[in-house]
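**Q** File name query36.txt; file contents compact mmCIF, C-alpha atoms; full text below.
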# COMPACT_ATOMS: atom_id res chain seq x y z
CA MET A 1 3.92 242.50 177.46
CA VAL A 2 5.33 239.10 178.23
CA ILE A 3 7.34 239.32 181.43
CA LEU A 4 10.69 237.61 181.07
CA LYS A 5 11.99 235.89 184.17
CA ARG A 6 15.64 235.16 184.49
CA TYR A 7 15.77 231.88 186.28
CA PHE A 8 17.55 228.78 185.21
CA PHE A 9 15.42 226.71 182.92
CA PHE A 10 14.23 223.43 184.31
CA ALA A 11 15.62 220.45 182.42
CA VAL A 12 13.26 218.47 180.28
CA ALA A 13 12.24 215.30 182.05
CA LEU A 14 14.29 212.32 181.09
CA PHE A 15 11.41 209.95 181.28
CA ILE A 16 8.40 210.43 179.04
CA LEU A 17 5.04 209.10 180.14
CA VAL A 18 3.86 206.88 177.34
CA VAL A 19 0.13 206.82 176.75
CA PRO A 20 -1.20 203.26 177.01
CA SER A 21 -1.96 201.70 173.65
CA LEU A 22 -5.49 202.27 172.44
CA SER A 23 -7.61 199.93 170.40
CA LEU A 24 -6.54 199.11 166.87
CA ALA A 25 -8.68 201.96 165.58
CA ALA A 26 -6.94 204.36 168.00
CA VAL A 27 -10.05 206.49 168.35
CA ALA A 28 -10.35 208.65 171.47
CA PRO A 29 -13.41 208.24 173.71
CA SER A 30 -14.79 211.50 172.31
CA GLY A 31 -14.77 210.03 168.80
CA LEU A 32 -11.77 212.05 167.63
CA SER A 33 -9.21 210.21 165.56
CA TYR A 34 -5.53 211.13 165.33
CA SER A 35 -3.21 211.01 162.34
CA THR A 36 0.24 212.40 161.70
CA TRP A 37 2.75 213.35 159.05
CA LEU A 38 6.26 211.90 159.17
CA ALA A 39 9.34 213.70 157.87
CA TYR A 40 11.30 211.91 155.13
CA TRP A 41 14.24 214.26 155.80
CA LYS A 42 14.40 212.84 159.34
CA LYS A 43 13.02 209.41 158.58
CA ASP A 44 15.06 207.42 161.09
CA ALA A 45 14.17 209.81 163.91
CA SER A 46 10.53 209.95 162.79
CA VAL A 47 10.11 206.19 162.74
CA ALA A 48 11.95 205.68 166.03
CA ASP A 49 9.78 208.37 167.62
CA ILE A 50 6.41 207.06 166.48
CA LEU A 51 6.88 203.32 166.94
CA PRO A 52 6.29 203.29 170.74
CA HIS A 53 3.16 205.41 170.19
CA LEU A 54 1.91 203.97 166.94
CA ASN A 55 -1.47 202.88 168.28
CA SER A 56 -2.30 206.49 169.14
CA PHE A 57 -3.01 207.02 165.44
CA VAL A 58 -5.53 205.79 162.88
CA GLY A 59 -3.31 206.80 160.00
CA ILE A 60 0.24 207.88 159.19
CA SER A 61 1.36 210.00 156.26
CA PRO A 62 5.04 210.00 155.38
CA PHE A 63 6.00 212.87 153.12
CA GLY A 64 6.63 210.26 150.50
CA TYR A 65 6.45 211.91 147.10
CA THR A 66 7.19 215.20 145.42
CA VAL A 67 6.29 216.19 141.87
CA ARG A 68 8.59 217.14 139.00
CA SER A 69 7.76 220.04 136.69
CA ASP A 70 6.23 217.69 134.10
CA GLY A 71 3.87 216.13 136.66
CA THR A 72 5.79 212.89 137.17
CA LEU A 73 6.26 211.66 140.73
CA ALA A 74 9.58 211.53 142.56
CA ASP A 75 9.93 208.96 145.34
CA THR A 76 11.61 211.46 147.65
CA ALA A 77 11.29 209.32 150.77
CA LEU A 78 12.61 206.12 149.15
CA ILE A 79 9.41 204.57 150.36
CA ASP A 80 10.40 200.96 149.57
CA GLN A 81 13.41 201.08 151.83
CA SER A 82 14.09 200.88 155.56
CA PRO A 83 12.91 202.24 157.94
CA TRP A 84 9.56 202.71 156.14
CA THR A 85 9.10 199.05 155.27
CA GLY A 86 9.33 197.92 158.88
CA LEU A 87 7.03 200.72 160.04
CA PHE A 88 4.43 199.91 157.39
CA THR A 89 4.43 196.23 158.32
CA THR A 90 3.93 197.03 161.99
CA ALA A 91 1.25 199.64 161.28
CA SER A 92 -0.68 197.44 158.86
CA SER A 93 -0.75 194.57 161.34
CA SER A 94 -2.52 196.92 163.78
CA GLY A 95 -5.02 198.20 161.22
CA ILE A 96 -3.37 201.61 160.93
CA LYS A 97 -3.80 203.20 157.50
CA ILE A 98 -0.77 204.14 155.40
CA ILE A 99 -1.64 207.30 153.43
CA PRO A 100 1.54 208.88 152.01
CA THR A 101 1.61 212.55 151.11
CA VAL A 102 2.27 213.92 147.65
CA ALA A 103 3.69 217.42 148.22
CA TRP A 104 3.91 220.06 145.49
CA SER A 105 4.48 223.80 145.83
CA ASP A 106 5.73 225.00 142.42
CA SER A 107 2.91 227.34 141.37
CA PHE A 108 3.91 227.47 137.71
CA SER A 109 4.26 223.71 137.27
CA ILE A 110 1.04 222.97 139.15
CA TYR A 111 -0.85 225.25 136.77
CA ASN A 112 0.81 223.83 133.65
CA VAL A 113 0.11 220.21 134.56
CA LEU A 114 -3.36 220.48 136.06
CA SER A 115 -4.72 222.77 133.35
CA ASN A 116 -3.59 220.36 130.61
CA THR A 117 -5.97 217.39 130.25
CA LYS A 118 -3.30 215.00 128.98
CA LEU A 119 -0.71 215.91 131.62
CA ARG A 120 -3.34 215.91 134.37
CA THR A 121 -4.55 212.44 133.39
CA SER A 122 -0.99 211.13 133.33
CA HIS A 123 -0.40 212.64 136.77
CA VAL A 124 -3.52 210.93 138.13
CA GLN A 125 -2.44 207.62 136.62
CA GLN A 126 0.97 207.87 138.28
CA ILE A 127 -0.61 208.46 141.68
CA MET A 128 -3.00 205.56 141.16
CA SER A 129 -0.11 203.31 140.20
CA VAL A 130 1.75 204.18 143.42
CA VAL A 131 -1.33 203.59 145.59
CA THR A 132 -2.31 200.27 144.03
CA SER A 133 1.18 198.81 143.64
CA HIS A 134 1.96 199.43 147.32
CA ASN A 135 -1.56 198.65 148.50
CA PHE A 136 -1.70 201.96 150.39
CA ALA A 137 -5.00 202.84 152.01
CA GLY A 138 -5.00 206.02 149.95
CA ILE A 139 -3.08 209.19 149.22
CA ASP A 140 -2.79 212.64 150.79
CA ILE A 141 -2.74 215.58 148.35
CA ASP A 142 -0.81 218.61 149.62
CA TYR A 143 -0.56 221.08 146.72
CA GLU A 144 0.29 224.55 148.00
CA ASN A 145 1.10 227.99 146.56
CA LYS A 146 -1.48 227.51 143.81
CA THR A 147 -2.58 230.58 141.89
CA LEU A 148 -6.21 231.48 141.18
CA ALA A 149 -5.64 230.50 137.54
CA THR A 150 -5.24 226.90 138.75
CA LYS A 151 -8.70 226.73 140.34
CA ALA A 152 -10.45 224.90 137.48
CA GLY A 153 -7.54 222.54 136.89
CA PHE A 154 -7.18 221.67 140.55
CA SER A 155 -10.91 221.00 140.88
CA ALA A 156 -10.82 218.78 137.78
CA PHE A 157 -7.82 216.95 139.23
CA LEU A 158 -9.57 216.28 142.54
CA LYS A 159 -12.64 214.98 140.72
CA GLN A 160 -10.59 212.74 138.44
CA LEU A 161 -8.30 211.37 141.16
CA GLY A 162 -11.07 211.01 143.73
CA THR A 163 -13.26 209.09 141.31
CA ALA A 164 -10.38 206.76 140.42
CA LEU A 165 -9.44 206.16 144.05
CA HIS A 166 -13.01 205.50 145.15
CA ALA A 167 -13.44 202.96 142.35
CA LYS A 168 -10.57 201.05 143.99
CA LYS A 169 -12.00 201.63 147.49
CA LYS A 170 -9.09 203.91 148.34
CA ILE A 171 -9.07 207.13 150.37
CA MET A 172 -8.27 210.64 149.15
CA THR A 173 -7.09 212.98 151.88
CA CYS A 174 -6.78 216.65 150.96
CA SER A 175 -4.48 218.91 152.98
CA ILE A 176 -5.47 222.53 152.39
CA GLU A 177 -4.57 225.97 153.67
CA ALA A 178 -6.62 227.51 156.46
CA ARG A 179 -9.15 230.13 155.33
CA THR A 180 -9.48 233.27 157.46
CA PRO A 181 -12.80 235.16 157.30
CA LEU A 182 -12.63 238.25 155.08
CA SER A 183 -13.78 240.44 157.98
CA SER A 184 -10.61 239.45 159.84
CA ARG A 185 -8.33 240.06 156.86
CA PHE A 186 -9.43 243.46 155.58
CA VAL A 187 -10.29 246.79 157.16
CA VAL A 188 -13.11 247.03 154.64
CA ALA A 189 -13.97 243.47 153.69
CA PRO A 190 -14.99 242.81 150.08
CA LYS A 191 -18.46 241.36 149.68
CA THR A 192 -17.11 238.42 147.70
CA THR A 193 -13.76 237.00 146.68
CA SER A 194 -12.41 234.06 144.73
CA TYR A 195 -10.38 231.21 146.18
CA VAL A 196 -8.27 228.66 144.34
CA ASN A 197 -9.51 225.91 146.68
CA ASP A 198 -13.14 225.26 145.80
CA PHE A 199 -14.50 224.02 149.12
CA SER A 200 -17.62 222.55 147.49
CA VAL A 201 -15.49 220.38 145.19
CA ILE A 202 -13.19 219.45 148.06
CA ASN A 203 -16.18 218.48 150.18
CA GLN A 204 -17.56 216.32 147.37
CA TYR A 205 -14.46 214.34 146.43
CA CYS A 206 -12.12 214.36 149.44
CA ASP A 207 -12.80 211.73 152.09
CA GLU A 208 -10.80 213.66 154.67
CA VAL A 209 -9.94 217.37 154.65
CA ARG A 210 -6.93 218.32 156.73
CA ILE A 211 -7.11 222.04 157.50
CA MET A 212 -3.55 223.28 158.03
CA ALA A 213 -4.41 225.61 160.91
CA TYR A 214 -0.94 227.00 161.48
CA ASP A 215 1.45 229.66 160.14
CA GLN A 216 -1.11 232.30 161.09
CA TYR A 217 1.57 234.99 161.42
CA ASN A 218 -0.15 238.35 160.70
CA VAL A 219 -3.11 237.26 158.56
CA ASP A 220 -5.77 238.21 161.14
CA ILE A 221 -5.71 242.00 161.47
CA VAL A 222 -8.44 241.96 164.12
CA LEU A 223 -6.43 239.73 166.46
CA ASN A 224 -3.23 241.60 165.59
CA LYS A 225 -4.84 244.80 166.89
CA SER A 226 -6.55 243.37 169.95
CA LYS A 227 -3.66 241.22 171.10
CA GLY A 228 -0.59 242.84 169.54
CA GLY A 229 -1.15 246.50 170.40
CA GLY A 230 0.52 248.35 173.21
CA LEU A 231 3.86 246.62 172.73
CA ASN A 232 2.48 243.17 173.41
CA TYR A 233 4.24 240.40 171.57
CA TYR A 234 1.93 238.70 169.09
CA ALA A 235 3.32 236.56 166.28
CA PRO A 236 1.47 233.27 166.64
CA ILE A 237 1.86 230.02 164.83
CA SER A 238 -1.77 229.28 165.61
CA ASP A 239 -3.89 231.33 168.01
CA THR A 240 -6.82 229.35 169.38
CA ASP A 241 -9.11 232.32 168.70
CA TRP A 242 -8.01 232.33 165.06
CA VAL A 243 -8.51 228.58 164.79
CA LYS A 244 -12.11 229.00 165.92
CA LYS A 245 -12.65 231.42 163.03
CA VAL A 246 -10.99 229.00 160.60
CA ILE A 247 -13.21 226.14 161.74
CA MET A 248 -16.39 228.21 161.42
CA GLU A 249 -15.35 229.43 157.96
CA THR A 250 -14.72 225.84 156.85
CA LEU A 251 -17.93 224.44 158.31
CA GLY A 252 -19.92 226.67 156.00
CA THR A 253 -19.12 224.32 153.11
CA ILE A 254 -17.27 221.21 154.29
CA ASN A 255 -18.89 218.42 156.29
CA ARG A 256 -17.57 218.46 159.86
CA LYS A 257 -17.20 214.66 159.74
CA LYS A 258 -14.58 215.12 157.02
CA ILE A 259 -12.63 217.91 158.72
CA VAL A 260 -9.35 217.08 160.44
CA LEU A 261 -7.69 219.95 162.28
CA ALA A 262 -3.97 219.97 161.56
CA VAL A 263 -1.75 221.26 164.38
CA ALA A 264 1.92 222.22 164.44
CA THR A 265 4.71 220.95 166.70
CA TYR A 266 7.36 223.58 165.93
CA ALA A 267 8.28 227.17 166.85
CA ARG A 268 8.94 230.42 164.98
CA ASP A 269 11.76 232.84 165.72
CA TYR A 270 11.06 236.40 164.50
CA THR A 271 13.13 239.54 164.22
CA VAL A 272 11.17 242.30 165.98
CA VAL A 273 11.10 246.00 165.09
CA GLN A 274 9.26 248.58 167.19
CA ASN A 275 7.03 250.93 165.21
CA GLY A 276 5.59 253.47 167.63
CA ASN A 277 3.25 251.64 169.98
CA SER A 278 3.44 248.29 168.22
CA TYR A 279 5.86 245.69 166.92
CA SER A 280 6.37 244.31 163.43
CA TYR A 281 7.84 240.88 162.81
CA THR A 282 10.16 239.88 159.98
CA ASN A 283 12.42 237.02 158.92
CA PRO A 284 10.37 234.22 160.46
CA LYS A 285 12.59 231.23 161.06
CA SER A 286 11.10 227.82 161.76
CA ILE A 287 12.83 226.01 164.60
CA ALA A 288 12.09 222.76 166.39
CA TYR A 289 10.40 222.77 169.78
CA ASN A 290 13.44 221.29 171.51
CA ASP A 291 15.76 223.84 169.86
CA ALA A 292 13.50 226.69 170.98
CA MET A 293 13.51 225.43 174.54
CA ALA A 294 17.28 224.99 174.46
CA LEU A 295 17.62 228.56 173.18
CA ALA A 296 15.54 229.82 176.10
CA GLN A 297 17.69 227.82 178.51
CA SER A 298 20.86 229.29 177.03
CA LYS A 299 19.46 232.76 177.75
CA SER A 300 18.35 231.72 181.27
CA LEU A 301 14.74 232.42 180.28
CA ILE A 302 11.54 230.56 181.06
CA PRO A 303 9.00 230.77 178.21
CA THR A 304 5.60 231.97 179.41
CA ARG A 305 2.12 231.38 178.02
CA ASN A 306 1.25 234.24 175.64
CA SER A 307 -2.07 235.68 174.45
CA ALA A 308 -2.19 233.22 171.56
CA GLY A 309 -2.05 230.30 173.97
CA GLU A 310 1.49 229.39 172.95
CA LEU A 311 4.75 229.58 174.86
CA GLY A 312 6.88 232.61 174.10
CA PHE A 313 9.99 234.53 175.04
CA ALA A 314 11.98 237.51 173.78
CA TYR A 315 15.75 237.84 173.63
CA MET A 316 18.39 240.17 172.26
CA VAL A 317 21.11 239.39 169.75
CA ALA A 318 24.08 241.64 170.46
CA SER A 319 26.53 242.84 167.83
CA SER A 320 29.81 244.70 168.13
CA THR A 321 29.28 246.46 164.79
CA ALA A 322 25.53 247.17 164.82
CA PRO A 323 22.68 247.83 167.25
CA SER A 324 21.36 244.84 169.14
CA VAL A 325 18.43 243.06 167.50
CA LEU A 326 15.27 242.02 169.35
CA HIS A 327 13.85 238.54 168.67
CA TYR A 328 10.62 236.89 169.71
CA VAL A 329 9.94 233.15 169.72
CA SER A 330 6.45 231.65 169.76
CA ILE A 331 6.25 227.92 170.44
CA SER A 332 3.53 225.38 169.70
CA ASP A 333 3.81 223.03 172.67
CA ALA A 334 1.63 220.28 174.11
CA GLY A 335 -0.44 222.86 175.99
CA SER A 336 -1.36 224.84 172.88
CA ILE A 337 -2.00 221.65 170.93
CA SER A 338 -4.29 220.45 173.72
CA ASP A 339 -6.34 223.64 173.25
CA LYS A 340 -6.79 222.78 169.55
CA ILE A 341 -7.83 219.23 170.41
CA ARG A 342 -10.51 220.63 172.70
CA LEU A 343 -11.74 222.80 169.83
CA ALA A 344 -11.91 219.80 167.50
CA ARG A 345 -14.01 218.00 170.09
CA ALA A 346 -16.23 221.02 170.72
CA TYR A 347 -17.04 221.33 167.02
CA SER A 348 -17.43 217.55 166.56
CA LEU A 349 -14.76 217.37 163.88
CA LYS A 350 -13.45 214.09 162.52
CA GLY A 351 -10.04 214.37 164.11
CA VAL A 352 -6.66 216.00 164.54
CA ALA A 353 -3.52 215.63 162.39
CA VAL A 354 -0.11 216.38 163.87
CA PHE A 355 2.50 218.18 161.78
CA LYS A 356 4.89 216.57 162.45
CA ILE A 357 6.35 213.70 164.48
CA ASP A 358 10.14 213.49 164.16
CA GLY A 359 11.57 213.38 167.67
CA SER A 360 11.81 217.17 168.05
CA GLU A 361 8.26 217.87 169.29
CA ASP A 362 7.23 218.55 172.88
CA PRO A 363 7.46 215.08 174.49
CA GLN A 364 4.39 215.88 176.56
CA ILE A 365 2.30 215.57 173.41
CA TRP A 366 2.05 211.84 174.07
CA ASN A 367 0.10 212.61 177.22
CA ILE A 368 -2.67 214.42 175.31
CA LEU A 369 -3.17 212.18 172.28
CA ASN A 370 -5.77 210.09 174.03
Would you encode the structure as structure tokens?
**A**
Amino acid sequence: MVILKRYFFFAVALFILVVPSLSLAAVAPSGLSYSTWLAYWKKDASVADILPHLNSFVGISPFGYTVRSDGTLADTALIDQSPWTGLFTTASSSGIKIIPTVAWSDSFSIYNVLSNTKLRTSHVQQIMSVVTSHNFAGIDIDYENKTLATKAGFSAFLKQLGTALHAKKKIMTCSIEARTPLSSRFVVAPKTTSYVNDFSVINQYCDEVRIMAYDQYNVDIVLNKSKGGGLNYYAPISDTDWVKKVIMETLGTINRKKIVLAVATYARDYTVVQNGNSYSYTNPKSIAYNDAMALAQSKSLIPTRNSAGELGFAYMVASSTAPSVLHYVSISDAGSISDKIRLARAYSLKGVAVFKIDGSEDPQIWNILN
């Protein structure tokens, strides 16, 4: 069990050590490259945060576009306005690629559009128009919550869009969910299963594959048992041991020189219920790193490194009308991100993508992106 120490929390340093600017390509000595997503909902903070560290990255991906139910694009970020325009000018002058993200998570609409040849073609044309009219280096496709029925349509979409982009010498980046081995998901693992993301198609048409290796939660029953039994807190955002499994599962089909390991910069706050000799975790709430650390400080707690390699702490929420409620917070900090970077190097992956830079991440992250 994590031992909670009641000392006053040390204040976050006022001065952040800025990593010296790298070459224009911003590639680490090991060959790893770094990219990042930027939050349109905190665009001013995101741009202000990244500008002093811009040359740490080879590419930046603002969450620029969402998709309406008919497949048409919505310019959610207002990409032609400040502060994006100034950032893009500065980035382009340093050879840093602008690859905005198209984000879509409506399962029903994704199926309807991508399974219809006419609507799918129109959707591809809209993306191509955005890329070419803005002279972006490419586009990042982040389509989540897809159902198995969408498999054929999504594969056809990737082929169609990838072919069109490559004809224009543009890049297609594909951000996909992490895949946990079946033996770590089931007590009795099925011999085969079907996935909506066809890794062979993704490997063929995507120039870069960002594996979103976070939001692990309780997907790995093997690690849940080995690390979460005996009243040990275990509700990770991204356990390094799980990430190893994800990388190995991905390498079976996707070229390691296309794989970019995506890491998180936030925390999760869970409600905890004791069930015999173990805990269950409900109501996961995403909170920023700095908010998690401030919460610990308000409780006079010092987060400690947990079995997942993240920082963690438990606290009680008292109530005058109901029993007190136990909470557990697991935090992805610079230390846990550094562990993932070492994994990316060890497996000779293409790089690491940071989700996300918006001024609320652990400021020590700038000391490890080198």
**Q** How many Å separate CA of Ser200 (chain A) from CA of Gln160 (chain A)?
**A**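 Going from CA of Ser200 (chain A) over to CA of Gln160 (chain A), I get 15.1 Å.
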**Q** Just give me the gap between CA of Ser175 (chain A) and CA of Lys118 (chain A) in Å, one decimal is fine.
**A**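 CA of Lys118 (chain A) lies 24.3 Å from CA of Ser175 (chain A).
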**Q** Quick one: residues within 10 Å of Thr117 (chain A), only C-alpha atoms, excluding same-chain residues fewer than 4 positions away - as an MDAnalysis selection string?
**A** chainID A and resid 112:113 121:123 153 156:157
**Q** Between CA of Gly312 (chain A) and CA of Ala294 (chain A), what distance in Å does the model show, to one decimal?
**A**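 Computed distance, CA of Gly312 (chain A) to CA of Ala294 (chain A), equals 12.9 Å.
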**Q** Kindly indicate which residue among A:Asn55, A:Thr173, A:Ser183, A:Ser107 lies nearest to Leu148 (chain A), using all atoms listed in the file for the distances.
**A**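 Using all atoms listed in the file, Leu148 (chain A) sits closest to A:Ser107.
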**Q** Identify which of the residues A:Leu343, A:Ile96, A:Leu51, A:Leu38 lies closest to Thr240 (chain A), counting only C-alpha atoms when measuring atom-to-atom distances.
**A** A:Leu343
